[in-house]
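Visitor: Pasting a structure here, questions to come.
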Amino acid sequence: MSEQLQDLVTQIETRTRQIYEEHLAPIATRFEFEGPPPHSETSAPPMVLFLGNHSAGKSSFINHLVGEQIQRTGIAPIDDGFTVITHGEVAEVKDGMSVVTNPKLAWNDLERFGPQLVSHLKMVVHPNPGLHGIALIDSPGMIDAADGKVDRGYNFPEVVRWFAERADVILFLFDPDKPGTTGETLKILTESLMGLDHKLLLIFNKVDRFESMRDYARAYGALCWNLSKAIPRKDLPHIFNTYLPDQGASPQSGVPTGDFDKQTEEVRREVSRAPFRRVDNVISRLYQHARRMRVHVRVLDHRARERFWLLLRYGVLGGAVALLGVVGLYLVWSYASQDHFGSALLGVLAVILVGACAVTALFLWDRRRLNALSLDQLFESTFARELTLGDNAEDLRAVWASVRERVRRALETGKRFPRARRAEFKRLEKVITKSIPALRLKAAESTKVAETQFVTGDHDA
Ligand SMILES: Nc1nc2c(ncn2[C@@H]2O[C@H](COP(=O)(O)OP(=O)(O)OP(=O)(O)O)[C@@H](O)[C@H]2O)c(=O)[nH]1
Ligand SMILES: [Mg+2]
C-alpha cells in the first residue's frame with residue numbers, strides 16, 4: 001500500500017473509531033446494544049467468507065483459488081464447522097479454543113457463541129503464497145431439513161452474521177442439485193446477510209454438470225425465482241456462473257464453457273480485491289451498526305413510553321376517584337342529616353371502593369396486555385407510521401429481523417429501560433445522515449487511489 005493510501009485509510013479508521021466511541025458507545029451501554037468492534041478485529045487481515053449449500057463446492061473453490069488441496073472435499077456433507085485459513089511460514093492446524101483465546105487474533109469475540117461453536121472452529125495455517133495478507137473462511141454447508149430446523153448446538157445464523165459483518169467479500173454458492181433457497185439458506189439470506197449485499201457475490205457453481213443449455217436455463221431460472229423471494233429488491237444481484245475445471249467431469253457438450261471460464265476468473269479477481277474493499281466495509285459496518293442501533297433504541301424507547309403513559313393514565317384516573325371520594329365525604333359531612341348520615345357515608349365509601357377496584361382492575365388488565373405484546377407487535381406499533389406509509393417498509397423489516405434477537409436478549413436481562421433522550425436520537429441521526437456520508441466521500445478518494453494502483457500493478461508497493 002502506498003503512503004498516500006495508507007494515510008487515507010488510517011484517517012478513516014481513526015474517525016470511524018471516534019464515532020463508535022464518542023457517539024454510539026454511550027447509547028449502546030444505556031440500551032444494552034452491541035459495543036464497537038475491538039481493535040484486534042479492525043486490524044485483522046481482509047477476510048473472504050464462503051457460504052452456501054452443502055456440497056456446493058465451497059471448499060473446492062478455496063482449493064482452486066489457492067491452487068492447492070488445503071481443504072477436504074467430497075459429495076457427502078464434509079465441513080460441519082468453520083475453518084479460518086491464513087498464511088503462515090509453518091503449516092499447522094489450531095483448534096477452536098486456541099483460536100478464540102489468543103488476544104493477538106481477531107476471533108476472541110466468537111467465544112460468546114458457546115463451547116459448541118468453539119469446538120466447531122479451527123484455523124489452518126499454510127505457507128501457500130496465495131494466502132498472503134488474506135484470511136479465507138470456509139463454513140459448514142447449509143442443509144434444508146424437512147422440519148425447517150437444523151440444530152447445530154449454536155446459533156448458526158448469528159455466527160454467520162458475525163463473520164459476514166467482518167468479511168470484505170462474501171461468496172454465496174449454489175449448485176445444480178439445490179438451486180432452491182428454502183429453510184436454512186433462506187434464513188441466512190434474509191436475516192444474517194441483511195444490508196450486506198454490497199459485498200455479497202452470488203455464485204451458481206458446478207454449471208459443467210448440465211448436459212444441455214435447456215437444463216441449465218431451467219435451473220438458473222429456478223435459482224433466480226427462489227432468490228427473488230429471499231432478497232426483496234427490485235433488481236436481483238448479479239449471479240456468477242462458474243465451474244472448477246479441476247473438479248469432476250469437463251463440461252458436457254451443449255453448454256458454452258468459454259463464458260463460464262471468464263466468470264470464474266471474475267470471481268477470482270473480486271476475491272483478490274478484498275483488501276481494497278476494506279475501507280468501504282469498515283464504513284458500511286459502522287452504518288449498519290448505527291441503523292440497527294436506531295431500531296433497537298426506538299423499540300425499547302417505545303416500550304418505556306407506553307409504560308410511562310400507562311402509569312400516568314391510571315395515576316390520573318386513580319386521582320380522580322380519590323378526589324370524588326373526598327368531595328363525596330365532604331358533602332356527607334356537611335349536609336347529611338343525623339338520620340341519614342350513616343347510610344350516606346356507607347354509600348360514598350361503597351362508591352369509592354367500587355371506583356378504586358375498577359381502576360385497579362383496568363390498570364392490571366392494560367399492563368398485562370402491554371407485557372403480553374410479542375416482540376414483533378412491539379416493532380409494529382413502534383414503527384406503525386413508517387410501516388403504514390410504506391416508506392422503506394421492507395428495508396425497515398429487514399433491519400428489524402437482524403436486530404430482533406438483540407432486543408429480545410436486552411429485555412430478558414430484566415432491566416427497566418429508560419426513555420431515550422431527544423439528544424440521543426439526534427446524535428444517532430447525525431451519525432447516519434452526516435458523519436457517515438462524509439466518511440464515504442473520503443473513502444471514495446482512497447478507492448480511487450487504490451484502483452489506480454491495482455490497475456497499474458502497484459498494489460504491493
Ligand atoms: N462437476 C463439478 N464438481 C464440483 C465442482 N466444484 C466442486 N465439485 C465437487 O462437489 C463435491 C462437493 O464439493 P465440496 O467442495 O466438498 O463442497 P462444500 O460446499 O465444501 O461442501 P460441505 O463442506 O459439505 O458444505 C466434491 O465432490 C467436488 O469434487 C465443479 O465446479 N464441478
Ligand atoms: Mg466444505
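In the C-alpha cells, the first chain shown is A, the next is B, and so on; residue numbers restart at 1 for each chain, and ligands run from 1 in the order shown.
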Which residues are near ligand 1 - at most 10 Å, using only C-alpha atoms and all ligand atoms? Format: as a PyMOL selection string.
Guide: chain A and resi 50-64+71-82+138-143+172-176+204-210+241-251+264
Visitor: Could you pull out the helix (DSSP H, G or I) residues of segment 127-239 of chain A from DSSP and send them as an MDAnalysis selection string?
Guide: chainID A and resid 129:131 156:166 183:192 197:199 207:209 213:230
Visitor: Extract, using only C-alpha atoms, all DNA, RNA and protein residues at most 12 Å from segment 364-379 of chain A, discarding same-chain residues fewer than 2 positions from it, and format them as a compact mmCIF listing (two decimals) with N, CA and C atoms, in the first residue's frame.
Guide:
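Output file out_37.txt follows:
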```txt
# COMPACT_ATOMS: atom_id res chain seq x y z
N VAL A 295 -33.03 1.28 15.44
CA VAL A 295 -34.24 0.46 15.57
C VAL A 295 -34.33 -0.11 16.99
N HIS A 296 -33.21 -0.62 17.48
CA HIS A 296 -33.14 -1.21 18.82
C HIS A 296 -33.59 -0.18 19.87
N VAL A 297 -33.02 1.02 19.80
CA VAL A 297 -33.32 2.05 20.79
C VAL A 297 -34.78 2.51 20.66
N ARG A 298 -35.26 2.64 19.44
CA ARG A 298 -36.64 3.12 19.27
C ARG A 298 -37.65 2.13 19.83
N VAL A 299 -37.38 0.83 19.62
CA VAL A 299 -38.31 -0.18 20.13
C VAL A 299 -38.32 -0.15 21.66
N LEU A 300 -37.13 -0.09 22.28
CA LEU A 300 -37.07 -0.07 23.74
C LEU A 300 -37.64 1.23 24.30
N ASP A 301 -37.40 2.32 23.58
CA ASP A 301 -37.92 3.62 24.00
C ASP A 301 -39.46 3.61 23.93
N HIS A 302 -39.98 2.99 22.87
CA HIS A 302 -41.43 2.91 22.70
C HIS A 302 -42.06 2.17 23.88
N ARG A 303 -41.42 1.09 24.27
CA ARG A 303 -41.91 0.30 25.40
C ARG A 303 -41.89 1.13 26.69
N ALA A 304 -40.78 1.85 26.88
CA ALA A 304 -40.68 2.68 28.09
C ALA A 304 -41.76 3.77 28.08
N ARG A 305 -42.01 4.34 26.90
CA ARG A 305 -43.04 5.38 26.78
C ARG A 305 -44.43 4.83 27.09
N GLU A 306 -44.70 3.64 26.51
CA GLU A 306 -46.01 3.02 26.75
C GLU A 306 -46.22 2.81 28.24
N ARG A 307 -45.17 2.34 28.92
CA ARG A 307 -45.25 2.12 30.37
C ARG A 307 -45.53 3.44 31.09
N PHE A 308 -44.83 4.47 30.65
CA PHE A 308 -44.98 5.78 31.29
C PHE A 308 -46.42 6.28 31.14
N TRP A 309 -46.95 6.19 29.90
CA TRP A 309 -48.31 6.68 29.66
C TRP A 309 -49.34 5.85 30.41
N LEU A 310 -49.07 4.56 30.53
CA LEU A 310 -49.97 3.68 31.27
C LEU A 310 -50.06 4.14 32.73
N LEU A 311 -48.88 4.36 33.32
CA LEU A 311 -48.85 4.79 34.72
C LEU A 311 -49.54 6.14 34.88
N ARG A 313 -51.85 7.50 32.91
CA ARG A 313 -53.29 7.38 32.68
C ARG A 313 -54.00 6.91 33.95
N TYR A 314 -53.47 5.82 34.50
CA TYR A 314 -54.15 5.26 35.67
C TYR A 314 -53.88 6.06 36.93
N CYS A 357 -61.53 -0.24 42.86
CA CYS A 357 -61.37 -1.61 42.33
C CYS A 357 -61.39 -1.59 40.80
N ALA A 358 -62.32 -0.81 40.24
CA ALA A 358 -62.44 -0.77 38.77
C ALA A 358 -61.15 -0.22 38.16
N VAL A 359 -60.61 0.86 38.73
CA VAL A 359 -59.38 1.45 38.19
C VAL A 359 -58.22 0.45 38.29
N THR A 360 -58.12 -0.22 39.47
CA THR A 360 -57.03 -1.19 39.64
C THR A 360 -57.16 -2.33 38.63
N ALA A 361 -58.40 -2.85 38.48
CA ALA A 361 -58.59 -3.97 37.55
C ALA A 361 -58.23 -3.56 36.13
N LEU A 362 -58.69 -2.36 35.76
CA LEU A 362 -58.38 -1.87 34.40
C LEU A 362 -56.88 -1.72 34.20
N SER A 381 -45.88 -1.66 16.42
CA SER A 381 -46.51 -0.45 16.98
C SER A 381 -45.49 0.68 17.08
N THR A 382 -44.21 0.35 17.25
CA THR A 382 -43.19 1.41 17.29
C THR A 382 -43.11 2.13 15.95
N PHE A 383 -43.16 1.32 14.88
CA PHE A 383 -42.97 1.91 13.55
C PHE A 383 -44.28 1.93 12.76
N ALA A 384 -45.41 2.02 13.48
CA ALA A 384 -46.72 1.95 12.82
C ALA A 384 -46.80 2.97 11.67
N ARG A 385 -46.32 4.17 11.90
CA ARG A 385 -46.45 5.22 10.89
C ARG A 385 -45.64 4.87 9.64
N GLU A 386 -44.36 4.55 9.83
CA GLU A 386 -43.50 4.23 8.70
C GLU A 386 -44.02 3.02 7.93
N LEU A 387 -44.49 1.99 8.68
CA LEU A 387 -44.94 0.77 8.02
C LEU A 387 -46.23 1.01 7.26
N ALA A 393 -40.50 0.32 3.99
CA ALA A 393 -41.03 -0.66 4.95
C ALA A 393 -40.24 -1.97 4.89
N LEU A 396 -36.92 -1.58 6.54
CA LEU A 396 -37.10 -1.48 7.99
C LEU A 396 -37.31 -2.87 8.59
N ARG A 397 -38.12 -3.68 7.92
CA ARG A 397 -38.38 -5.03 8.41
C ARG A 397 -37.10 -5.86 8.40
N ALA A 398 -36.27 -5.63 7.37
CA ALA A 398 -35.02 -6.39 7.27
C ALA A 398 -34.08 -5.98 8.43
N VAL A 399 -34.04 -4.69 8.73
CA VAL A 399 -33.19 -4.25 9.85
C VAL A 399 -33.72 -4.87 11.14
N TRP A 400 -35.05 -4.87 11.27
CA TRP A 400 -35.66 -5.47 12.46
C TRP A 400 -35.29 -6.94 12.59
N ALA A 401 -35.34 -7.66 11.47
CA ALA A 401 -35.01 -9.10 11.51
C ALA A 401 -33.60 -9.30 12.06
N VAL A 403 -32.01 -7.33 14.15
CA VAL A 403 -31.77 -6.77 15.49
C VAL A 403 -32.72 -7.38 16.54
N ARG A 404 -33.70 -8.12 16.06
CA ARG A 404 -34.75 -8.68 16.92
C ARG A 404 -34.18 -9.50 18.08
N GLU A 405 -33.24 -10.37 17.74
CA GLU A 405 -32.63 -11.24 18.74
C GLU A 405 -31.94 -10.42 19.83
N ARG A 406 -31.32 -9.34 19.43
CA ARG A 406 -30.61 -8.48 20.39
C ARG A 406 -31.62 -7.81 21.33
N VAL A 407 -32.74 -7.35 20.77
CA VAL A 407 -33.78 -6.71 21.59
C VAL A 407 -34.32 -7.73 22.60
N ARG A 408 -34.54 -8.95 22.09
CA ARG A 408 -35.07 -10.00 22.98
C ARG A 408 -34.13 -10.22 24.16
N ARG A 409 -32.84 -10.30 23.86
CA ARG A 409 -31.87 -10.56 24.93
C ARG A 409 -31.80 -9.38 25.89
N ALA A 410 -31.88 -8.16 25.34
CA ALA A 410 -31.83 -6.96 26.20
C ALA A 410 -33.01 -6.97 27.16
N LEU A 411 -34.20 -7.35 26.66
CA LEU A 411 -35.38 -7.36 27.52
C LEU A 411 -35.30 -8.48 28.56
N GLU A 412 -34.62 -9.57 28.17
CA GLU A 412 -34.51 -10.70 29.09
C GLU A 412 -33.62 -10.40 30.30
```
Visitor: Could you tell me how far atom CA of Arg268 of chain A lies from atom CA of Val93 of chain A, in Å and to one decimal?
Guide: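 That distance, rounded to one decimal, is 25.2 Å.
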Visitor: Residues at most 9 Å from Leu193 of chain A, counting only C-alpha atoms, excluding those fewer than 2 positions away in the same chain, as an MDAnalysis selection string?
Guide: chainID A and resid 160:161 164:165 188:191 195:197 200 402
Visitor: If we count only C-alpha atoms, what is near Met123 of chain A at a cut-off of 12 Å, once residues fewer than 4 positions away on the same chain are taken out, given as a ChimeraX atom specification?
Guide: /A:70-71,81-88,91-100,102,105-107,118-119,135-139
Visitor: Could you dump the residues just selected with N, CA and C atoms as a PDB file, in the first residue's frame?
Guide:
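Produced file part33.pdb, reproduced below:
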```
ATOM      1  N   ILE A  70      -6.017 -27.676   0.118  1.00  0.00           N
ATOM      2  CA  ILE A  70      -5.911 -27.337   1.543  1.00  0.00           C
ATOM      3  C   ILE A  70      -7.109 -27.881   2.311  1.00  0.00           C
ATOM      4  N   GLN A  71      -8.278 -27.745   1.733  1.00  0.00           N
ATOM      5  CA  GLN A  71      -9.498 -28.204   2.393  1.00  0.00           C
ATOM      6  C   GLN A  71      -9.943 -29.543   1.825  1.00  0.00           C
ATOM      7  N   GLY A  81     -18.090 -27.382  10.545  1.00  0.00           N
ATOM      8  CA  GLY A  81     -17.674 -26.245  11.359  1.00  0.00           C
ATOM      9  C   GLY A  81     -17.022 -25.173  10.496  1.00  0.00           C
ATOM     10  N   PHE A  82     -16.576 -24.112  11.151  1.00  0.00           N
ATOM     11  CA  PHE A  82     -15.938 -23.007  10.432  1.00  0.00           C
ATOM     12  C   PHE A  82     -14.418 -23.195  10.445  1.00  0.00           C
ATOM     13  N   THR A  83     -13.782 -22.943   9.305  1.00  0.00           N
ATOM     14  CA  THR A  83     -12.327 -23.037   9.227  1.00  0.00           C
ATOM     15  C   THR A  83     -11.762 -21.709   8.743  1.00  0.00           C
ATOM     16  N   VAL A  84     -10.849 -21.154   9.524  1.00  0.00           N
ATOM     17  CA  VAL A  84     -10.177 -19.925   9.121  1.00  0.00           C
ATOM     18  C   VAL A  84      -8.850 -20.342   8.489  1.00  0.00           C
ATOM     19  N   ILE A  85      -8.648 -19.958   7.231  1.00  0.00           N
ATOM     20  CA  ILE A  85      -7.424 -20.373   6.548  1.00  0.00           C
ATOM     21  C   ILE A  85      -6.546 -19.140   6.337  1.00  0.00           C
ATOM     22  N   THR A  86      -5.360 -19.150   6.938  1.00  0.00           N
ATOM     23  CA  THR A  86      -4.483 -17.978   6.808  1.00  0.00           C
ATOM     24  C   THR A  86      -3.063 -18.396   6.454  1.00  0.00           C
ATOM     25  N   HIS A  87      -2.267 -17.371   6.167  1.00  0.00           N
ATOM     26  CA  HIS A  87      -0.887 -17.639   5.775  1.00  0.00           C
ATOM     27  C   HIS A  87       0.012 -17.742   6.994  1.00  0.00           C
ATOM     28  N   GLY A  88       0.988 -18.633   6.921  1.00  0.00           N
ATOM     29  CA  GLY A  88       1.998 -18.746   7.983  1.00  0.00           C
ATOM     30  C   GLY A  88       3.160 -19.538   7.426  1.00  0.00           C
ATOM     31  N   ALA A  91       3.193 -24.845   8.351  1.00  0.00           N
ATOM     32  CA  ALA A  91       1.815 -25.350   8.267  1.00  0.00           C
ATOM     33  C   ALA A  91       1.400 -25.926   9.621  1.00  0.00           C
ATOM     34  N   GLU A  92       0.211 -25.547  10.073  1.00  0.00           N
ATOM     35  CA  GLU A  92      -0.302 -26.128  11.328  1.00  0.00           C
ATOM     36  C   GLU A  92      -1.811 -25.946  11.405  1.00  0.00           C
ATOM     37  N   VAL A  93      -2.429 -26.757  12.254  1.00  0.00           N
ATOM     38  CA  VAL A  93      -3.869 -26.621  12.460  1.00  0.00           C
ATOM     39  C   VAL A  93      -4.092 -26.290  13.936  1.00  0.00           C
ATOM     40  N   LYS A  94      -4.816 -25.184  14.189  1.00  0.00           N
ATOM     41  CA  LYS A  94      -5.062 -24.791  15.581  1.00  0.00           C
ATOM     42  C   LYS A  94      -6.514 -25.088  15.918  1.00  0.00           C
ATOM     43  N   ASP A  95      -6.754 -25.587  17.133  1.00  0.00           N
ATOM     44  CA  ASP A  95      -8.148 -25.861  17.479  1.00  0.00           C
ATOM     45  C   ASP A  95      -8.865 -24.585  17.931  1.00  0.00           C
ATOM     46  N   GLY A  96     -10.195 -24.685  18.023  1.00  0.00           N
ATOM     47  CA  GLY A  96     -11.030 -23.515  18.319  1.00  0.00           C
ATOM     48  C   GLY A  96     -10.622 -22.782  19.579  1.00  0.00           C
ATOM     49  N   MET A  97     -10.311 -23.556  20.633  1.00  0.00           N
ATOM     50  CA  MET A  97     -10.001 -22.924  21.909  1.00  0.00           C
ATOM     51  C   MET A  97      -8.763 -22.037  21.782  1.00  0.00           C
ATOM     52  N   SER A  98      -7.723 -22.549  21.094  1.00  0.00           N
ATOM     53  CA  SER A  98      -6.516 -21.717  20.987  1.00  0.00           C
ATOM     54  C   SER A  98      -6.749 -20.531  20.050  1.00  0.00           C
ATOM     55  N   VAL A  99      -7.732 -20.647  19.144  1.00  0.00           N
ATOM     56  CA  VAL A  99      -8.029 -19.528  18.236  1.00  0.00           C
ATOM     57  C   VAL A  99      -8.746 -18.407  18.996  1.00  0.00           C
ATOM     58  N   VAL A 100      -9.753 -18.784  19.812  1.00  0.00           N
ATOM     59  CA  VAL A 100     -10.533 -17.728  20.481  1.00  0.00           C
ATOM     60  C   VAL A 100      -9.848 -17.152  21.710  1.00  0.00           C
ATOM     61  N   ASN A 102      -6.526 -16.504  21.871  1.00  0.00           N
ATOM     62  CA  ASN A 102      -5.313 -15.751  21.524  1.00  0.00           C
ATOM     63  C   ASN A 102      -5.667 -14.271  21.336  1.00  0.00           C
ATOM     64  N   LEU A 105      -5.152 -12.469  17.957  1.00  0.00           N
ATOM     65  CA  LEU A 105      -6.004 -12.774  16.804  1.00  0.00           C
ATOM     66  C   LEU A 105      -7.340 -12.057  16.941  1.00  0.00           C
ATOM     67  N   ALA A 106      -8.079 -12.033  15.812  1.00  0.00           N
ATOM     68  CA  ALA A 106      -9.319 -11.240  15.812  1.00  0.00           C
ATOM     69  C   ALA A 106     -10.556 -12.056  16.196  1.00  0.00           C
ATOM     70  N   TRP A 107     -10.369 -13.240  16.809  1.00  0.00           N
ATOM     71  CA  TRP A 107     -11.511 -14.143  16.930  1.00  0.00           C
ATOM     72  C   TRP A 107     -12.000 -14.341  18.354  1.00  0.00           C
ATOM     73  N   VAL A 118     -17.071 -23.174  19.581  1.00  0.00           N
ATOM     74  CA  VAL A 118     -15.609 -23.237  19.716  1.00  0.00           C
ATOM     75  C   VAL A 118     -15.103 -24.611  19.262  1.00  0.00           C
ATOM     76  N   SER A 119     -15.869 -25.663  19.588  1.00  0.00           N
ATOM     77  CA  SER A 119     -15.410 -26.996  19.166  1.00  0.00           C
ATOM     78  C   SER A 119     -15.673 -27.230  17.672  1.00  0.00           C
ATOM     79  N   ALA A 135      -7.476 -13.754   4.817  1.00  0.00           N
ATOM     80  CA  ALA A 135      -7.994 -14.908   5.559  1.00  0.00           C
ATOM     81  C   ALA A 135      -9.227 -15.427   4.818  1.00  0.00           C
ATOM     82  N   LEU A 136      -9.234 -16.718   4.518  1.00  0.00           N
ATOM     83  CA  LEU A 136     -10.398 -17.324   3.855  1.00  0.00           C
ATOM     84  C   LEU A 136     -11.172 -18.119   4.912  1.00  0.00           C
ATOM     85  N   ILE A 137     -12.481 -17.957   4.930  1.00  0.00           N
ATOM     86  CA  ILE A 137     -13.286 -18.662   5.937  1.00  0.00           C
ATOM     87  C   ILE A 137     -14.187 -19.669   5.248  1.00  0.00           C
ATOM     88  N   ASP A 138     -13.939 -20.937   5.512  1.00  0.00           N
ATOM     89  CA  ASP A 138     -14.814 -21.993   4.989  1.00  0.00           C
ATOM     90  C   ASP A 138     -15.898 -22.238   6.044  1.00  0.00           C
ATOM     91  N   SER A 139     -17.105 -22.591   5.585  1.00  0.00           N
ATOM     92  CA  SER A 139     -18.195 -22.736   6.556  1.00  0.00           C
ATOM     93  C   SER A 139     -18.934 -24.049   6.342  1.00  0.00           C
TER      94      SER A 139
END
```
Visitor: For atom CA of Arg269 of chain A and atom CA of Leu65 of chain A, determine how far apart the two atoms are, in Å to one decimal place.
Guide: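 Atom CA of Leu65 of chain A lies at a distance of 10.0 Å from atom CA of Arg269 of chain A.
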Visitor: Could you check which of A:Ser284, A:Ala290, A:Glu41, A:Thr101 is closest to Val431 of chain A, using only C-alpha atoms?
Guide: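 Smallest distance to Val431 of chain A is found for A:Ala290.
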Visitor: Have a look at atom CA of Leu323 of chain A and atom CA of Val354 of chain A and let me know their distance in Å, one decimal.
Guide: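 Interatomic distance, atom CA of Leu323 of chain A to atom CA of Val354 of chain A: 14.2 Å.
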